[in-house]
file entry_7.txt (compact mmCIF, C-alpha atoms)
# COMPACT_ATOMS: atom_id res chain seq x y z
CA ALA A 27 -97.24 63.77 47.77
CA TRP A 28 -94.87 66.42 46.34
CA LEU A 29 -97.72 68.32 44.66
CA GLU A 30 -99.81 68.10 47.82
CA SER A 31 -96.99 69.57 49.92
CA ILE A 32 -96.53 72.44 47.42
CA HIS A 33 -100.24 73.28 47.54
CA GLU A 34 -100.17 73.11 51.36
CA SER A 35 -97.21 75.53 51.47
CA TRP A 36 -99.00 77.92 49.11
CA ALA A 37 -102.22 77.76 51.16
CA GLU A 38 -100.21 78.50 54.33
CA GLU A 39 -98.57 81.51 52.66
CA ASP A 40 -101.93 82.85 51.42
CA LYS A 41 -103.42 82.39 54.90
CA GLU A 42 -100.51 84.33 56.43
CA PHE A 43 -101.04 87.16 53.91
CA LYS A 44 -104.78 87.27 54.62
CA HIS A 45 -104.85 86.91 58.41
CA SER A 46 -101.49 87.82 59.97
CA PRO A 47 -101.51 91.14 61.88
CA THR A 48 -98.17 91.85 60.19
CA SER A 49 -99.30 90.85 56.68
CA PRO A 50 -97.22 92.73 54.08
CA LEU A 51 -100.52 93.89 52.58
CA ALA A 52 -101.31 95.64 55.87
CA GLY A 53 -98.01 97.57 55.96
CA ILE A 54 -98.62 101.33 55.89
CA SER A 55 -95.76 103.24 57.57
CA ARG A 56 -92.04 102.94 58.24
CA PHE A 57 -90.49 105.10 60.97
CA GLU A 58 -86.73 105.29 61.50
CA ILE A 59 -86.21 106.99 64.85
CA ASN A 60 -82.84 108.14 66.14
CA GLU A 61 -83.94 110.53 68.89
CA PRO A 62 -81.53 110.58 71.86
CA THR A 63 -84.20 110.19 74.56
CA THR A 64 -87.96 109.51 74.52
CA VAL A 65 -90.53 109.44 71.72
CA TYR A 66 -94.32 109.14 72.02
CA PHE A 67 -96.76 107.32 69.74
CA ALA A 68 -100.35 108.47 69.35
CA GLU A 69 -103.21 108.02 66.92
CA LYS A 70 -103.74 111.19 64.93
CA GLU A 71 -106.42 111.61 62.26
CA GLY A 72 -106.89 107.85 62.05
CA GLN A 73 -103.14 107.11 61.67
CA LEU A 74 -100.43 106.15 64.13
CA ASP A 75 -97.57 108.65 64.35
CA TRP A 76 -94.74 109.56 66.70
CA SER A 77 -93.36 112.75 68.20
CA PRO A 78 -90.61 113.74 70.66
CA GLU A 79 -93.30 115.79 72.44
CA GLN A 80 -95.62 114.11 74.93
CA THR A 81 -99.35 114.58 74.35
CA ASP A 82 -102.43 113.50 76.28
CA LEU A 83 -103.25 111.12 73.43
CA ALA A 84 -99.96 109.18 73.62
CA ALA A 85 -100.61 105.41 73.78
CA PHE A 86 -97.03 104.31 74.44
CA SER A 87 -93.48 105.65 74.49
CA LEU A 88 -90.04 104.38 73.52
CA ILE A 89 -87.06 105.35 75.64
CA ASN A 90 -83.50 105.24 74.31
CA THR A 91 -81.17 104.30 77.17
CA GLY A 92 -77.58 104.02 76.02
CA GLY A 93 -78.40 102.36 72.71
CA GLN A 94 -81.13 100.06 74.07
CA TRP A 95 -84.79 100.81 73.58
CA LYS A 96 -87.41 100.31 76.27
CA TRP A 97 -91.17 100.46 75.76
CA ILE A 98 -93.66 102.00 78.20
CA GLY A 99 -97.43 101.48 77.89
CA LEU A 100 -99.36 104.69 78.58
CA GLU A 101 -102.83 103.31 77.83
CA GLU A 102 -104.56 100.12 78.88
CA ASN A 103 -105.19 98.82 75.36
CA VAL A 104 -101.46 98.48 74.53
CA SER A 105 -99.64 95.13 74.70
CA LEU A 106 -96.33 93.80 73.43
CA ALA A 107 -95.50 90.24 72.39
CA ARG A 108 -92.28 88.39 71.57
CA LYS A 109 -92.78 85.09 69.73
CA GLY A 110 -96.29 84.87 71.14
CA GLN A 111 -95.29 85.65 74.76
CA GLY A 112 -96.44 88.84 76.50
CA ILE A 113 -93.63 91.25 77.42
CA PRO A 114 -94.35 93.72 80.27
CA SER A 115 -94.16 97.50 79.96
CA GLY A 116 -90.71 98.73 80.94
CA SER A 117 -88.89 95.91 79.09
CA PHE A 118 -86.17 96.35 76.50
CA LEU A 119 -87.19 95.67 72.89
CA SER A 120 -85.80 92.92 70.65
CA ALA A 121 -85.95 92.66 66.85
CA GLY A 122 -89.34 91.43 65.70
CA ASP A 123 -91.28 92.35 68.86
CA THR A 124 -94.85 93.30 67.97
CA LEU A 125 -96.98 95.83 69.79
CA LYS A 126 -100.77 95.97 69.55
CA VAL A 127 -102.38 99.41 69.94
CA GLY A 128 -106.02 99.81 68.91
CA ARG A 129 -106.37 98.34 65.42
CA PHE A 130 -102.67 98.84 64.64
CA THR A 131 -99.77 96.42 65.03
CA VAL A 132 -96.22 97.79 65.23
CA ALA A 133 -93.11 95.64 64.63
CA PHE A 134 -89.84 96.93 66.11
CA TYR A 135 -86.26 96.50 64.90
CA PRO A 136 -83.86 98.23 67.31
CA SER A 137 -80.21 98.93 66.62
CA GLU A 138 -77.63 100.87 68.63
CA ASP A 139 -78.21 104.24 67.01
CA ALA A 140 -81.85 103.98 65.90
CA ILE A 141 -85.05 101.99 66.04
CA THR A 142 -87.19 101.10 63.03
CA ALA A 143 -90.94 100.77 63.59
CA LEU A 144 -93.16 99.20 60.92
CA VAL A 145 -96.87 99.98 61.27
CA PHE A 146 -99.60 97.62 60.03
CA ASP A 147 -103.29 98.39 59.58
CA PRO A 148 -105.78 95.55 58.95
CA ASN A 149 -108.14 97.98 57.18
CA THR A 150 -106.08 98.48 54.00
CA GLN A 151 -107.96 98.10 50.73
CA ARG A 152 -105.46 95.60 49.29
CA LEU A 153 -105.84 93.33 52.30
CA LYS A 154 -109.63 93.43 52.03
CA GLU A 155 -109.42 92.52 48.33
CA PHE A 156 -106.77 89.81 48.71
CA LYS A 157 -107.71 86.22 47.89
CA THR A 158 -104.53 84.46 46.80
CA LEU A 159 -101.05 85.24 45.47
CA ASP A 160 -100.61 84.77 41.72
CA ARG A 161 -98.31 81.85 40.91
CA PHE A 162 -97.07 79.72 38.04
CA ASP A 163 -98.56 76.21 37.98
CA ALA A 164 -96.55 73.75 40.07
CA ASN A 165 -93.86 72.18 37.89
CA ALA A 166 -91.72 69.26 39.10
CA LYS A 167 -88.97 70.27 36.64
CA PHE A 168 -88.08 73.13 38.99
CA ALA A 169 -87.75 70.87 42.06
CA LEU A 170 -84.23 69.47 41.95
CA ASN A 171 -81.07 68.66 43.83
CA ALA A 172 -78.17 71.10 43.72
CA LYS A 173 -74.55 70.40 44.53
CA ILE A 174 -73.40 72.66 47.36
CA VAL A 175 -69.81 73.92 47.11
CA LYS A 176 -68.87 75.93 50.20
CA PHE A 177 -66.38 78.78 50.06
CA GLU A 178 -63.30 78.09 52.15
CA THR A 179 -63.78 81.28 54.15
CA PRO A 180 -67.25 82.86 54.04
CA GLU A 181 -66.75 86.57 53.36
CA GLN A 182 -69.08 89.05 55.05
CA LEU A 183 -70.44 91.48 52.47
CA ASP A 184 -72.60 94.60 52.53
CA LEU A 185 -75.42 93.79 50.11
CA ILE A 186 -77.30 96.81 48.78
CA THR A 187 -81.03 97.16 49.47
CA GLY A 188 -83.93 98.78 47.67
CA LEU A 189 -83.69 101.77 50.06
CA GLN A 190 -80.02 102.23 49.10
CA ARG A 191 -78.85 100.94 52.49
CA PHE A 192 -76.73 97.89 53.22
CA LYS A 193 -77.42 94.58 54.94
CA LYS A 194 -74.63 92.27 56.03
CA GLN A 195 -74.62 88.72 54.67
CA TYR A 196 -71.97 86.00 54.47
CA ARG A 197 -71.20 84.74 50.96
CA TYR A 198 -71.37 81.09 51.92
CA ALA A 199 -71.59 78.63 49.01
CA LYS A 200 -72.26 77.99 45.33
CA LEU A 201 -75.28 75.89 44.43
CA GLN A 202 -74.76 74.08 41.11
CA PHE A 203 -77.65 72.47 39.24
CA GLU A 204 -79.10 71.80 35.81
CA ILE A 205 -82.42 72.74 34.18
CA ASP A 206 -83.27 71.42 30.71
CA GLY A 207 -79.63 70.55 30.09
CA THR A 208 -78.36 74.02 31.01
CA GLU A 209 -75.79 74.08 33.80
CA LEU A 210 -76.55 76.85 36.29
CA GLU A 211 -75.27 78.15 39.58
CA LEU A 212 -76.43 80.50 42.31
CA THR A 213 -74.61 81.95 45.31
CA ALA A 214 -76.17 81.20 48.69
CA TYR A 215 -75.79 83.63 51.58
CA LYS A 216 -76.12 83.33 55.34
CA HIS A 217 -77.17 86.00 57.81
CA VAL A 218 -75.26 84.30 60.65
CA LEU A 219 -72.71 81.49 60.72
CA GLU A 220 -73.48 80.20 64.24
CA GLY A 221 -76.51 79.79 66.46
CA GLU A 222 -80.17 80.34 65.59
CA GLY A 223 -80.80 80.66 61.86
CA SER A 224 -77.29 79.58 60.88
CA ASN A 225 -78.47 76.60 58.80
CA SER A 226 -80.71 78.78 56.60
CA LEU A 227 -79.42 79.54 53.10
CA PHE A 228 -80.69 82.74 51.47
CA ILE A 229 -80.66 82.80 47.65
CA PRO A 230 -81.81 86.08 46.05
CA PHE A 231 -81.93 85.83 42.25
CA THR A 232 -83.29 87.26 39.03
CA ASP A 233 -84.11 85.30 35.88
CA LYS A 234 -85.67 85.76 32.44
CA THR A 235 -89.14 86.23 33.98
CA SER A 236 -88.02 89.17 36.16
CA GLY A 237 -89.92 92.35 35.34
CA LYS A 238 -92.19 90.53 32.91
CA TYR A 239 -94.05 87.81 34.81
CA SER A 240 -92.27 88.06 38.15
CA TYR A 241 -91.18 91.00 40.32
CA GLY A 242 -88.52 93.14 38.62
CA GLY A 243 -86.45 93.24 41.82
CA GLY A 244 -86.01 89.48 41.75
CA ARG A 245 -87.25 86.70 44.00
CA TYR A 246 -85.95 84.86 47.04
CA LEU A 247 -85.38 81.18 47.73
CA PHE A 248 -84.77 79.93 51.28
CA VAL A 249 -83.41 76.43 51.85
CA ASP A 250 -81.97 74.57 54.83
CA GLU A 251 -78.33 73.58 54.59
CA PRO A 252 -77.98 69.78 54.66
CA GLN A 253 -76.44 68.36 57.85
CA GLU A 254 -74.30 66.00 55.78
CA GLY A 255 -73.41 65.33 52.16
CA ASN A 256 -72.90 67.88 49.40
CA GLU A 257 -76.39 67.96 47.90
CA VAL A 258 -79.29 70.22 48.82
CA PRO A 259 -82.86 69.97 47.51
CA ILE A 260 -84.09 73.27 46.03
CA ASP A 261 -87.63 73.88 44.83
CA PHE A 262 -88.29 77.00 42.78
CA ASN A 263 -92.04 76.37 43.18
CA LEU A 264 -91.56 77.75 46.71
CA VAL A 265 -89.78 81.00 45.83
CA VAL A 266 -91.17 84.16 47.44
CA ASN A 267 -91.23 87.81 46.49
CA PRO A 268 -89.18 90.32 48.50
CA LEU A 269 -91.62 91.93 50.95
CA CYS A 270 -90.91 95.36 49.42
CA SER A 271 -92.83 94.20 46.33
CA TYR A 272 -95.99 94.41 48.47
CA ALA A 273 -95.34 97.53 50.60
CA SER A 274 -92.77 100.33 50.54
CA ILE A 275 -92.20 100.00 54.31
CA TYR A 276 -89.65 97.21 53.77
CA ASN A 277 -85.93 97.35 53.09
CA CYS A 278 -85.08 94.36 50.86
CA ILE A 279 -81.78 93.03 49.56
CA VAL A 280 -81.32 93.44 45.80
CA PRO A 281 -80.08 90.22 44.13
CA THR A 282 -76.40 90.39 43.16
CA LEU A 283 -75.31 90.27 39.51
CA GLU A 284 -73.75 86.82 40.01
CA ASN A 285 -77.27 85.53 40.78
CA LYS A 286 -78.74 86.55 37.43
CA LEU A 287 -79.95 83.32 35.80
CA PRO A 288 -79.89 83.20 31.98
CA VAL A 289 -83.08 81.07 31.89
CA ALA A 290 -86.76 81.61 32.72
CA ILE A 291 -87.76 80.12 36.07
CA LEU A 292 -91.46 79.60 35.30
CA ALA A 293 -92.20 78.53 38.87
CA GLY A 294 -93.35 79.99 42.15
CA VAL A 295 -94.87 83.36 42.84
CA LYS A 296 -95.51 85.94 40.10
CA LYS A 297 -95.46 89.69 40.52
CA TYR A 298 -98.10 91.25 42.75
CA HIS A 299 -100.57 93.55 40.97
call {"tool": "encode", "arguments": {"input": "entry_7.txt", "output": "structure tokens"}}
result
Amino acid sequence: AWLESIHESWAEEDKEFKHSPTSPLAGISRFEINEPTTVYFAEKEGQLDWSPEQTDLAAFSLINTGGQWKWIGLEENVSLARKGQGIPSGSFLSAGDTLKVGRFTVAFYPSEDAITALVFDPNTQRLKEFKTLDRFDANAKFALNAKIVKFETPEQLDLITGLQRFKKQYRYAKLQFEIDGTELELTAYKHVLEGEGSNSLFIPFTDKTSGKYSYGGGRYLFVDEPQEGNEVPIDFNLVVNPLCSYASIYNCIVPTLENKLPVAILAGVKKYH
């Protein structure tokens, strides 16, 4: 049953990579826009681009109104969705909203002083060639229980990213476990302490495979915090690569030095070629 569930998870991940409109393999452009008023998006020479100047070809616009960003559809073939629900033109944007314009999909991440737009194109060569992610064989040795030791007061840190920016995370707990008789520990982080997503533990790490068999920038493990007790199941067969290992449009957290494991985790996804 364990092996079956691992293979199901892997098949789901491969399917997402192959068919999702926002597949990392479809990522082609990253725009960070901090214009004070309105910007216009249009297709130019087969690519989607933006400009502060309006043109006849503009498919949609983004309007900055006091730190909130509103989208306006200027052509009929433009639609915006939030978690699968259509959002009408003239609405304010939320993080993760996706807009469909022609063959392109655009994901938006607004903040007070800027908006980041990630552009995806289903016609990329690497997406056409993709069959499956390269992984180590499933190994039950790397599915284990870890003791969770929470910090008394979770400290909010600025963790550095691959684009030399910072992302805020709470340093939440130590996970202590053993592999082949070696006692190990990793620090688990949280993006938020309350509300949606607050039970998700984020564990970025490097190990002896990093740069050789797995991505040099480390790998990520996501686990749910247990509702009770001080043990949490962790399965390194389900680790993922940071999305920036597939496309330069992403801004990924770099694993901290305290999460450098002195052993080889021969499990989960390998580096993408």
call {"tool": "atom_distance", "arguments": {"input": "entry_7.txt", "atom1": "atom CA of A:Glu102", "atom2": "atom CA of A:Ser46"}}
result
22.8 Å
call {"tool": "closest_residue", "arguments": {"input": "entry_7.txt", "among": "A:Cys270, A:Ala172, A:Leu210, A:Leu106", "to": "A:Ala133", "atoms": "all atoms listed in the file"}}
result
A:Leu106
call {"tool": "atom_distance", "arguments": {"input": "entry_7.txt", "atom1": "atom CA of A:Leu219", "atom2": "atom CA of A:Tyr198"}}
result
8.9 Å
call {"tool": "residues_around", "arguments": {"input": "entry_7.txt", "residues": "A:Leu189", "least_positions_apart": "6", "cutoff": "10 Å", "atoms": "only C-alpha atoms", "output": "MDAnalysis selection string"}}
result
chainID A and resid 270 274:280
call {"tool": "residues_around", "arguments": {"input": "entry_7.txt", "residues": "A:Asp82", "least_positions_apart": "3", "cutoff": "12 Å", "atoms": "only C-alpha atoms", "output": "PyMOL selection string"}}
result
chain A and resi 66-70+79+85-86+100-101
call {"tool": "closest_residue", "arguments": {"input": "entry_7.txt", "among": "A:Asp261, A:Pro230, A:Ser35, A:Tyr215", "to": "A:Leu183", "atoms": "only C-alpha atoms"}}
result
A:Tyr215
call {"tool": "atom_distance", "arguments": {"input": "entry_7.txt", "atom1": "atom CA of A:Glu209", "atom2": "atom CA of A:Lys194"}}
result
28.7 Å
call {"tool": "closest_residue", "arguments": {"input": "entry_7.txt", "among": "A:Ala273, A:Ser115, A:Pro259, A:Phe168", "to": "A:Val289", "atoms": "only C-alpha atoms"}}
result
A:Phe168
call {"tool": "closest_residue", "arguments": {"input": "entry_7.txt", "among": "A:Ser240, A:Thr158, A:Asn267, A:Asp233", "to": "A:Lys286", "atoms": "only C-alpha atoms"}}
result
A:Asp233
call {"tool": "closest_residue", "arguments": {"input": "entry_7.txt", "among": "A:Asp40, A:Glu284, A:Glu251, A:Asp75", "to": "A:Val145", "atoms": "only C-alpha atoms"}}
result
A:Asp75
call {"tool": "closest_residue", "arguments": {"input": "entry_7.txt", "among": "A:Gly99, A:Gly242, A:Gly93, A:Pro148", "to": "A:Ala52", "atoms": "all atoms listed in the file"}}
result
A:Pro148
call {"tool": "residues_around", "arguments": {"input": "entry_7.txt", "residues": "A:Arg152", "least_positions_apart": "5", "cutoff": "10 Å", "atoms": "only C-alpha atoms", "output": "MDAnalysis selection string"}}
result
chainID A and resid 44 50:52 157 272 299
call {"tool": "axis_aligned_box", "arguments": {"input": "entry_7.txt", "around": "stretch 152-167 of chain A", "padding_each_side": "4 Å", "output": "JSON"}}
result
{"center_x": -99.3, "center_y": 82.4, "center_z": 44.5, "size_x": 28.7, "size_y": 34.3, "size_z": 23.7}
call {"tool": "residues_around", "arguments": {"input": "entry_7.txt", "residues": "A:Thr282", "least_positions_apart": "6", "cutoff": "12 Å", "atoms": "all atoms listed in the file", "output": "PyMOL selection string"}}
result
chain A and resi 183-187+195+197+212-215+229-233+243-246
call {"tool": "residues_around", "arguments": {"input": "entry_7.txt", "residues": "A:Val265", "least_positions_apart": "5", "cutoff": "8 Å", "atoms": "all atoms listed in the file", "output": "PDB file with C-alpha atoms, in the frame of the given file"}}
result
ATOM      1  CA  ARG A 245     -87.250  86.700  44.000  1.00  0.00           C
ATOM      2  CA  TYR A 246     -85.950  84.860  47.040  1.00  0.00           C
ATOM      3  CA  LEU A 247     -85.380  81.180  47.730  1.00  0.00           C
ATOM      4  CA  PHE A 248     -84.770  79.930  51.280  1.00  0.00           C
ATOM      5  CA  ALA A 293     -92.200  78.530  38.870  1.00  0.00           C
ATOM      6  CA  GLY A 294     -93.350  79.990  42.150  1.00  0.00           C
ATOM      7  CA  VAL A 295     -94.870  83.360  42.840  1.00  0.00           C
TER       8      VAL A 295
END
